[in-house]
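A.B. asks: Sharing final_9.cif below, mmCIF, C-alpha atoms:
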data_my_file
#
loop_
_atom_site.label_atom_id
_atom_site.label_comp_id
_atom_site.auth_asym_id
_atom_site.auth_seq_id
_atom_site.Cartn_x
_atom_site.Cartn_y
_atom_site.Cartn_z
CA MET A 1 0.00 0.00 0.00
CA SER A 2 1.44 3.39 -1.02
CA THR A 3 2.12 6.12 1.53
CA PRO A 4 -0.75 8.64 1.59
CA THR A 5 0.11 12.14 0.39
CA VAL A 6 -1.26 15.63 0.89
CA TYR A 7 -3.08 15.18 -2.41
CA ASP A 8 -4.94 12.14 -1.05
CA VAL A 9 -6.03 14.04 2.07
CA ALA A 10 -7.14 17.03 -0.02
CA GLU A 11 -9.20 14.81 -2.31
CA GLN A 12 -10.87 12.88 0.52
CA SER A 13 -11.73 15.99 2.54
CA GLY A 14 -12.77 18.08 -0.47
CA VAL A 15 -10.33 20.95 0.06
CA SER A 16 -7.22 22.28 -1.65
CA ILE A 17 -3.74 21.05 -0.84
CA ALA A 18 -2.99 24.55 0.47
CA THR A 19 -5.78 24.15 3.04
CA VAL A 20 -4.41 20.78 4.11
CA SER A 21 -0.99 22.35 4.56
CA ARG A 22 -2.43 25.17 6.69
CA VAL A 23 -4.31 22.70 8.88
CA TYR A 24 -1.11 20.87 9.79
CA ARG A 25 1.17 23.89 9.93
CA ASN A 26 -1.09 26.65 11.32
CA PRO A 27 -4.39 25.08 12.42
CA ASP A 28 -5.82 28.27 13.94
CA SER A 29 -5.89 29.84 10.47
CA VAL A 30 -8.53 27.34 9.26
CA ARG A 31 -12.19 27.19 10.29
CA ALA A 32 -12.84 24.55 12.94
CA SER A 33 -15.28 22.52 10.78
CA THR A 34 -12.83 22.42 7.87
CA ARG A 35 -9.93 21.62 10.17
CA GLU A 36 -11.75 18.67 11.72
CA ARG A 37 -12.72 17.33 8.29
CA VAL A 38 -9.12 17.46 7.09
CA LEU A 39 -7.75 15.89 10.27
CA ALA A 40 -10.35 13.11 10.12
CA ALA A 41 -9.34 12.34 6.54
CA GLY A 42 -5.70 12.35 7.54
CA ARG A 43 -6.32 9.93 10.40
CA GLU A 44 -8.34 7.60 8.20
CA LEU A 45 -5.65 7.55 5.53
CA GLY A 46 -2.75 7.36 7.98
CA TYR A 47 -1.26 10.58 6.64
CA VAL A 48 1.81 12.10 8.33
CA PRO A 49 3.02 15.55 7.08
CA SER A 50 6.47 15.46 5.53
CA GLY A 51 8.55 18.32 6.84
CA SER A 52 11.36 17.55 4.42
CA ALA A 53 9.03 17.57 1.40
CA ARG A 54 7.48 20.83 2.51
CA GLY A 55 10.90 22.34 2.97
CA LEU A 56 12.03 21.33 -0.50
CA ALA A 57 8.95 22.91 -2.03
CA SER A 58 9.00 26.15 -0.08
CA ARG A 59 12.71 26.37 0.90
CA THR A 60 11.56 26.70 4.49
CA THR A 61 11.65 24.31 7.44
CA GLY A 62 8.67 25.42 9.52
CA VAL A 63 11.03 25.49 12.51
CA LEU A 64 12.41 28.29 14.68
CA GLY A 65 15.52 27.82 16.82
CA LEU A 66 16.67 28.85 20.29
CA TYR A 67 20.34 28.60 21.20
CA PHE A 68 21.09 29.12 24.89
CA PRO A 69 23.85 28.63 27.48
CA ASP A 70 24.10 25.23 29.16
CA ILE A 71 24.60 25.92 32.87
CA HIS A 72 24.84 22.73 34.91
CA ASP A 73 23.67 23.21 38.47
CA ALA A 74 25.10 20.58 40.77
CA VAL A 75 23.57 21.93 43.99
CA ALA A 76 19.94 21.91 42.82
CA GLU A 77 19.29 18.43 44.21
CA SER A 78 20.54 19.45 47.66
CA VAL A 79 18.08 22.32 48.04
CA PRO A 80 14.72 21.19 49.46
CA THR A 81 11.66 22.22 47.49
CA ALA A 82 7.95 21.50 47.64
CA ASP A 83 7.99 19.84 44.24
CA ASP A 84 10.74 18.92 41.79
CA THR A 85 8.78 20.67 39.04
CA GLU A 86 9.56 23.94 40.79
CA LEU A 87 13.20 23.60 39.67
CA MET A 88 12.39 25.61 36.55
CA LEU A 89 15.35 27.76 35.68
CA TYR A 90 15.61 30.96 33.68
CA SER A 91 16.13 29.33 30.29
CA ASP A 92 13.26 26.90 30.89
CA GLN A 93 10.83 29.79 31.23
CA VAL A 94 12.13 31.44 28.05
CA ILE A 95 11.79 28.14 26.19
CA ARG A 96 8.22 27.67 27.39
CA GLY A 97 7.17 31.14 26.22
CA MET A 98 8.87 30.73 22.87
CA GLU A 99 7.42 27.26 22.23
CA ARG A 100 3.86 28.41 22.88
CA SER A 101 4.18 31.42 20.61
CA ALA A 102 5.92 29.40 17.88
CA ARG A 103 3.08 26.88 17.92
CA GLN A 104 0.52 29.67 17.54
CA HIS A 105 2.35 30.86 14.44
CA GLY A 106 2.55 27.38 12.94
CA TYR A 107 6.20 26.71 13.75
CA ALA A 108 7.96 23.99 15.68
CA LEU A 109 10.81 24.95 18.03
CA LEU A 110 14.30 23.48 17.98
CA ILE A 111 16.31 24.15 21.14
CA ALA A 112 20.03 23.63 21.60
CA ALA A 113 22.22 24.12 24.65
CA ALA A 114 25.57 25.71 23.87
CA HIS A 115 28.83 24.02 24.84
CA ALA A 116 31.84 26.34 24.72
CA GLU A 117 34.14 23.88 22.99
CA ARG A 118 31.66 23.29 20.14
CA ALA A 119 29.87 26.65 19.94
CA SER A 120 30.65 27.42 16.28
CA GLU A 121 29.88 23.92 15.09
CA GLN A 122 26.64 23.69 17.06
CA LEU A 123 25.48 27.09 15.90
CA ALA A 124 25.99 26.13 12.26
CA GLU A 125 24.11 22.85 12.78
CA VAL A 126 21.11 24.61 14.34
CA ALA A 127 21.09 27.43 11.79
CA GLY A 128 20.94 24.90 8.96
CA ARG A 129 17.68 23.47 10.28
CA VAL A 130 15.60 26.56 11.07
CA ASP A 131 13.94 29.55 9.41
CA GLY A 132 14.91 31.97 12.21
CA LEU A 133 17.12 31.81 15.29
CA ALA A 134 16.99 33.38 18.77
CA LEU A 135 20.26 33.59 20.71
CA LEU A 136 19.94 33.80 24.48
CA ALA A 137 22.66 35.83 26.22
CA GLN A 138 24.84 35.48 23.07
CA THR A 139 26.25 32.21 24.46
CA GLY A 140 29.88 33.12 23.72
CA ILE A 141 29.35 33.20 19.97
CA ALA A 142 32.14 34.70 17.89
CA SER A 143 31.11 37.83 15.99
CA GLU A 144 32.27 36.38 12.67
CA ASP A 145 30.06 33.30 13.18
CA LEU A 146 27.10 35.49 14.01
CA GLU A 147 27.66 37.60 10.91
CA VAL A 148 27.68 34.54 8.66
CA ILE A 149 24.49 33.14 10.22
CA SER A 150 22.60 36.43 10.14
CA ARG A 151 23.27 36.83 6.42
CA ARG A 152 21.46 33.57 5.85
CA LEU A 153 18.47 33.80 8.20
CA PRO A 154 16.75 36.16 10.68
CA VAL A 155 18.39 36.40 14.11
CA VAL A 156 17.08 37.94 17.31
CA MET A 157 19.25 38.53 20.37
CA LEU A 158 17.75 37.85 23.80
CA ALA A 159 19.52 39.66 26.65
CA GLY A 160 23.21 40.44 26.32
CA ASP A 161 24.74 43.38 24.48
CA ARG A 162 22.54 45.38 22.16
CA ASP A 163 23.56 45.09 18.51
CA ALA A 164 22.22 47.67 16.05
CA ASP A 165 22.37 45.11 13.24
CA HIS A 166 19.96 42.65 14.88
CA ASP A 167 16.59 42.66 16.59
CA HIS A 168 17.21 42.70 20.33
CA ILE A 169 15.12 42.13 23.47
CA GLU A 170 16.26 42.68 27.03
CA VAL A 171 14.74 43.46 30.42
CA ALA A 172 15.24 46.54 32.57
CA ASN A 173 18.21 45.11 34.49
CA PHE A 174 19.59 48.44 35.73
CA ASP A 175 16.21 49.79 36.83
CA GLY A 176 15.23 46.59 38.59
CA GLN A 177 18.45 46.34 40.59
CA LEU A 178 18.30 50.04 41.42
CA GLU A 179 14.80 49.66 42.87
CA LEU A 180 15.71 46.57 44.85
CA THR A 181 18.86 48.11 46.35
CA ARG A 182 16.98 51.32 47.19
CA HIS A 183 14.50 49.15 49.06
CA LEU A 184 17.23 47.53 51.16
CA ILE A 185 18.88 50.86 51.94
CA ALA A 186 15.82 53.06 52.51
CA ASP A 187 13.23 50.64 53.91
CA HIS A 188 15.44 48.18 55.83
CA ARG A 189 18.19 50.65 56.78
CA LEU A 190 20.95 48.37 55.55
CA ARG A 191 24.29 50.06 54.96
CA ARG A 192 26.74 47.21 54.41
CA LEU A 193 25.67 45.35 51.30
CA ALA A 194 27.76 42.88 49.32
CA PHE A 195 27.11 42.27 45.61
CA ILE A 196 27.77 38.80 44.26
CA GLY A 197 27.99 39.22 40.50
CA GLY A 198 28.09 36.99 37.46
CA PRO A 199 30.93 36.66 34.95
CA SER A 200 32.46 39.97 33.94
CA ASP A 201 31.44 39.38 30.31
CA SER A 202 27.74 39.12 31.22
CA PRO A 203 26.06 42.37 30.05
CA ASP A 204 22.93 41.70 32.11
CA GLY A 205 24.91 41.06 35.28
CA GLU A 206 27.01 44.19 34.76
CA ALA A 207 23.87 46.30 34.21
CA ARG A 208 22.52 44.97 37.51
CA PHE A 209 25.75 45.92 39.28
CA ARG A 210 25.49 49.45 37.88
CA GLY A 211 21.99 49.67 39.36
CA PHE A 212 23.47 48.55 42.71
CA GLN A 213 26.10 51.30 42.42
CA ALA A 214 23.52 53.95 41.52
CA ALA A 215 21.49 53.21 44.66
CA HIS A 216 24.62 53.72 46.79
CA LEU A 217 25.32 57.05 45.09
CA GLU A 218 21.75 58.24 45.69
CA ALA A 219 21.98 57.33 49.37
CA GLY A 220 25.36 58.99 49.84
CA LEU A 221 27.02 55.66 50.69
CA PRO A 222 30.54 54.67 49.58
CA LEU A 223 30.52 53.63 45.92
CA PRO A 224 31.36 49.94 45.34
CA GLN A 225 33.90 49.75 42.53
CA GLN A 226 33.30 46.13 41.61
CA PRO A 227 31.31 43.11 42.83
CA ASP A 228 32.59 41.69 46.09
CA VAL A 229 32.67 38.21 44.53
CA ARG A 230 31.79 36.77 41.13
CA GLY A 231 30.27 33.42 40.24
CA ASP A 232 29.03 31.47 37.22
CA LEU A 233 25.33 32.07 38.04
CA THR A 234 24.72 28.58 39.47
CA GLN A 235 23.58 27.66 42.96
CA ASP A 236 26.97 26.12 43.62
CA ALA A 237 28.60 29.46 42.79
CA GLY A 238 26.30 31.19 45.29
CA CYS A 239 27.31 28.70 47.99
CA ARG A 240 31.01 29.15 47.31
CA ALA A 241 30.74 32.94 47.18
CA VAL A 242 29.04 33.13 50.57
CA LYS A 243 31.54 30.78 52.18
CA GLY A 244 34.35 32.96 50.82
CA LEU A 245 32.76 36.14 52.21
CA LEU A 246 32.23 34.58 55.63
CA ASP A 247 35.91 33.63 55.79
CA LEU A 248 37.02 37.23 55.32
CA PRO A 249 38.11 39.17 58.44
CA GLY A 250 36.03 42.08 59.71
CA GLN A 251 32.30 42.70 59.83
CA HIS A 252 30.00 40.57 57.76
CA PRO A 253 27.66 42.40 55.36
CA GLN A 254 24.12 43.12 56.49
CA GLY A 255 22.75 41.97 53.18
CA LEU A 256 23.75 39.94 50.13
CA VAL A 257 22.60 41.13 46.70
CA LEU A 258 23.11 38.38 44.14
CA ALA A 259 23.04 38.76 40.37
CA ASN A 260 20.46 36.01 39.89
CA ASP A 261 18.08 33.76 41.81
CA GLN A 262 20.06 30.56 41.37
CA MET A 263 23.07 32.01 43.15
CA ALA A 264 20.78 33.54 45.79
CA VAL A 265 19.26 30.12 46.53
CA GLY A 266 22.77 28.74 46.89
CA ALA A 267 23.54 31.60 49.28
CA LEU A 268 20.52 30.70 51.44
CA HIS A 269 21.76 27.13 51.60
CA ALA A 270 25.27 28.19 52.63
CA LEU A 271 24.06 30.63 55.28
CA ALA A 272 21.80 27.99 56.82
CA SER A 273 24.72 25.56 57.01
CA HIS A 274 26.68 28.23 58.94
CA GLY A 275 23.83 28.89 61.37
CA ILE A 276 23.22 32.41 60.01
CA SER A 277 19.57 33.44 60.10
CA VAL A 278 17.91 35.04 57.07
CA PRO A 279 16.72 37.76 57.33
CA GLY A 280 17.48 38.07 61.06
CA ASP A 281 21.26 38.10 60.72
CA MET A 282 21.56 38.85 57.01
CA ALA A 283 19.20 39.77 54.17
CA VAL A 284 19.47 37.97 50.82
CA THR A 285 18.06 39.00 47.42
CA GLY A 286 18.17 37.65 43.89
CA PHE A 287 17.10 38.60 40.38
CA ASP A 288 14.94 36.79 37.76
CA GLY A 289 11.88 35.54 39.64
CA ILE A 290 12.22 31.85 38.77
CA PRO A 291 9.55 29.62 40.43
CA LEU A 292 12.15 28.21 42.84
CA SER A 293 12.45 31.68 44.43
CA ARG A 294 8.90 31.33 45.83
CA VAL A 295 9.29 27.93 47.45
CA VAL A 296 12.66 28.18 49.21
CA ARG A 297 12.55 29.23 52.85
CA PRO A 298 12.65 32.04 53.49
CA ALA A 299 10.97 33.01 50.23
CA LEU A 300 13.39 35.02 48.16
CA THR A 301 13.09 38.76 47.60
CA THR A 302 13.87 39.24 43.93
CA VAL A 303 13.27 41.22 40.76
CA ARG A 304 10.91 39.27 38.56
CA GLN A 305 11.55 39.56 34.85
CA PRO A 306 9.06 38.39 32.19
CA MET A 307 11.02 35.34 31.04
CA GLY A 308 8.16 33.75 29.15
CA ARG A 309 7.44 37.02 27.41
CA LEU A 310 11.07 37.16 26.24
CA GLY A 311 10.40 33.97 24.32
CA GLN A 312 7.09 35.20 22.96
CA GLU A 313 8.56 38.48 21.77
CA ALA A 314 11.44 36.61 20.14
CA VAL A 315 8.97 34.64 18.02
CA GLU A 316 7.05 37.78 17.06
CA LEU A 317 10.24 39.47 15.86
CA LEU A 318 11.46 36.39 14.00
CA VAL A 319 8.14 35.92 12.21
CA ALA A 320 8.10 39.59 11.22
CA ARG A 321 11.69 39.38 10.01
CA ILE A 322 10.99 36.23 7.99
CA ALA A 323 8.17 38.12 6.26
CA ASP A 324 10.33 41.21 5.63
CA ARG A 325 14.10 40.84 5.78
CA GLN A 326 14.58 44.56 5.04
CA ARG A 327 12.63 45.94 8.01
CA VAL A 328 14.47 48.22 10.43
CA SER A 329 15.97 46.39 13.42
CA VAL A 330 13.97 46.58 16.64
CA ALA A 331 15.22 46.97 20.23
CA ARG A 332 12.80 46.29 23.09
CA VAL A 333 13.26 46.67 26.85
CA LEU A 334 10.72 44.74 28.93
CA PRO A 335 9.69 45.98 32.40
CA VAL A 336 10.51 44.12 35.62
CA THR A 337 8.77 43.90 39.01
CA LEU A 338 10.25 44.03 42.52
CA MET A 339 8.97 41.12 44.63
CA ARG A 340 9.32 41.90 48.34
CA ARG A 341 9.47 38.66 50.30
CA ALA A 342 10.72 37.23 53.56
CA SER A 343 14.43 36.97 52.74
CA CYS A 344 14.86 40.74 53.14
CA GLY A 345 12.45 41.03 56.07
CA CYS A 346 9.22 41.76 54.18
CA ALA A 347 6.01 39.79 54.13
CA THR A 348 5.94 37.36 51.19
CA GLN A 349 4.17 38.61 48.06
#
Any chance you could give the structure as structure tokens?
C.D. replies:
Amino acid sequence: MSTPTVYDVAEQSGVSIATVSRVYRNPDSVRASTRERVLAAGRELGYVPSGSARGLASRTTGVLGLYFPDIHDAVAESVPTADDTELMLYSDQVIRGMERSARQHGYALLIAAAHAERASEQLAEVAGRVDGLALLAQTGIASEDLEVISRRLPVVMLAGDRDADHDHIEVANFDGQLELTRHLIADHRLRRLAFIGGPSDSPDGEARFRGFQAAHLEAGLPLPQQPDVRGDLTQDAGCRAVKGLLDLPGQHPQGLVLANDQMAVGALHALASHGISVPGDMAVTGFDGIPLSRVVRPALTTVRQPMGRLGQEAVELLVARIADRQRVSVARVLPVTLMRRASCGCATQ
């Protein structure tokens, strides 16, 4: 028995092959009654859409890509949570938002975690399989590799440095950290704050540190010249940073301001192991608003960024760029929200 084709489905359901294609690629664009008739015919015939055949005909893949950093977090299993599903990290939320939006536009989503030693090779592999590509935090990609890829297909940058040649989406990192640090200084009367930053080549982390500095300037406090400690944005890095600070001579800080939630959760774990009460002895804050920040104890004061919306906006820009490669590049800054919770001494929001 021959393999059923799109022509067989079109004939049996009494529609055009274009309608059959829309049903399988972008079902919301077809009336429900027609969609059900086509799907019923497809099920009866045993039809499975051929992505490769469609790509040969249209020179498209029907797939969008997301390339993001692979950050292994070894301490996650040691931190108690109410439910393992709460261990959703930053990139997971971006992926979820992008996948939902891609599906609404009739695209599948291909995701790939970047490994430093194979970044160029992996990027080329992903780019060869998609119609548009989102790069999260630039993932250590060489500028020459990015230039080659962007000549071939639409690219949108999520977070990281703004590039006038590409569509770019970021969140208000400086403003969010400024508001959070103001809160610690003005509302909780904290004067000795330590900033635990990310890698020095992280534009988002550096913008957050500048917000931390600006709050000190406003309050007339000594200006921190650089983060007290840096880490790789994992919970393990937060643990190690706190242990290093506690080993230093002199007064301990009154509060720890960490560049992201994962490190902040690691800091909570380290402080508890040293018998230091949070927020009684020391306040702790993070940045991102991942679900884990709500379920640790004490609940983490943080700046919540719209991670899912980052993914949604990436799809919108890629779809628009696919339709018009000559459109002017777009830069968007998404707002953030301060979440006052128990780890700084506030009631949990």
A.B. asks: Please indicate the distance in Å from CA of Gly197 (chain A) to CA of Ala237 (chain A), rounded to one decimal place.
C.D. replies: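 CA of Ala237 (chain A) lies 10.0 Å from CA of Gly197 (chain A).
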A.B. asks: Give me, as JSON lines, the closest atom pair and its distance (Å, one decimal) for every residue of region 83-175 of chain A within a cut-off of 9 Å of region 28-38 of chain A, counting only C-alpha atoms, rows sorted by chain and rising number.
C.D. replies:
{"residue": "A:Gln104", "atom": "CA", "partner": "A:Asp28", "partner_atom": "CA", "distance": 7.4}
{"residue": "A:His105", "atom": "CA", "partner": "A:Asp28", "partner_atom": "CA", "distance": 8.6}
{"residue": "A:Gly106", "atom": "CA", "partner": "A:Asp28", "partner_atom": "CA", "distance": 8.5}
A.B. asks: Which residues, written as a ChimeraX atom specification, have at least one atom at most 7 Å from Arg304 (chain A), with all atoms listed in the file counted and residues fewer than 4 positions away on the same chain left out?
C.D. replies: /A:287-289,336-339
A.B. asks: What is the distance between CA of Gly308 (chain A) and CA of Gln93 (chain A), in Å to one decimal?
C.D. replies: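 Spanning CA of Gly308 (chain A) to CA of Gln93 (chain A) is a straight-line distance of 5.2 Å.
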A.B. asks: Point out the residue among A:Ala108, A:Leu153, A:Asp161, A:Leu258 with the least atom-to-atom distance to Asp324 (chain A), counting all atoms listed in the file.
C.D. replies: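 Result for the nearest residue to Asp324 (chain A): A:Leu153.
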A.B. asks: Once the PyMOL selection byres ((chain A and resi 42) around 12) has been evaluated on this model, what residues remain selected, and can you format them as JSON, numbers by chain?
C.D. replies: {"A": [3, 4, 5, 6, 7, 8, 9, 10, 11, 12, 13, 20, 21, 23, 24, 35, 36, 37, 38, 39, 40, 41, 43, 44, 45, 46, 47, 48, 49]}
A.B. asks: Would you mind telling me which residue in A:Leu64, A:Ile95, A:Leu245, A:Val278 lies nearest to Leu317 (chain A) when using all atoms listed in the file?
C.D. replies: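 Among the listed residues, A:Leu64 lies closest to Leu317 (chain A).
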A.B. asks: Residues within 10 Å of Ser273 (chain A), please, as a ChimeraX atom specification. Count all atoms listed in the file; anything in the same chain fewer than 6 positions from it doesn't count.
C.D. replies: /A:239,243,267
A.B. asks: Could the residues in this selection be written to a file with C-alpha atoms, as a tab-separated table (two decimals), in the frame of the given file?
C.D. replies:
chain	number	residue	atom	x	y	z
A	239	CYS	CA	27.31	28.70	47.99
A	243	LYS	CA	31.54	30.78	52.18
A	267	ALA	CA	23.54	31.60	49.28
A.B. asks: Using the chain letters and numbering of this document, enumerate as a PyMOL selection string the residues selected by the PyMOL selection byres ((chain A and resi 241) around 12).
C.D. replies: chain A and resi 194-198+227-240+242-248+256-259+263-271
A.B. asks: Could you state which residues are captured by the PyMOL selection byres ((chain A and resi 168) around 7) in this file, as a list in words?
C.D. replies: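 Applying the PyMOL selection byres ((chain A and resi 168) around 7) to the structure shown produces Val156, Met157, Leu158, Arg162, His166, Asp167, Ile169, Glu170, Val330, Ala331 and Arg332 of chain A.
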A.B. asks: Which of these, A:Leu178, A:Ala320, A:Leu300, A:Met307, has the shortest distance to Cys344 (chain A) once you count only C-alpha atoms?
C.D. replies: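 Closest to Cys344 (chain A), using only C-alpha atoms: A:Leu300.
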A.B. asks: Nearest residue to Val94 (chain A) out of A:Leu318, A:Ile290, A:Val328, A:Ala114, using only C-alpha atoms?
C.D. replies: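 Result for the nearest residue to Val94 (chain A): A:Ile290.
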A.B. asks: Could the residues of region 190-216 of chain A that have an atom at most 10 Å from region 128-145 of chain A be listed as a tab-separated table, each with its closest atom pair and the distance in Å to one decimal, counting only C-alpha atoms and ordered by chain and ascending residue number?
C.D. replies:
residue	atom	partner	partner_atom	distance
A:Asp201	CA	A:Gly140	CA	9.2
A:Ser202	CA	A:Ala137	CA	7.9
A:Pro203	CA	A:Ala137	CA	8.3
A:Asp204	CA	A:Ala137	CA	8.3
A.B. asks: CA of Asp261 (chain A) and CA of Ala186 (chain A), how far apart in Å?
C.D. replies: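 Pair CA of Ala186 (chain A) / CA of Asp261 (chain A) returns 22.2 Å.
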A.B. asks: What's around Arg340 (chain A) at 9 Å? Count only C-alpha atoms, leave out sequence neighbours fewer than 4 positions away in its own chain, and write the answer as a VMD selection string.
C.D. replies: chain A and resid 180 183 300 to 303 344 to 349
A.B. asks: Give, as JSON, the centre coordinates and the x, y and z edge lengths in Å to one decimal for an axis-aligned box around all listed atoms of region 305-319 of chain A, padded by 4 Å on each side.
C.D. replies:
{"center_x": 9.3, "center_y": 36.7, "center_z": 23.5, "size_x": 12.5, "size_y": 13.8, "size_z": 30.6}
A.B. asks: May I ask which of the residues A:Leu334, A:Asn260, A:Leu193, A:His274 is the closest one to Arg309 (chain A), counting only C-alpha atoms?
C.D. replies: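 The closest residue to Arg309 (chain A) is A:Leu334.
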A.B. asks: Tell me which of A:Gln213, A:Thr181, A:Thr61, A:Ser101 sits closest to Val315 (chain A), counting only C-alpha atoms.
C.D. replies: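 Nearest to Val315 (chain A): A:Ser101.
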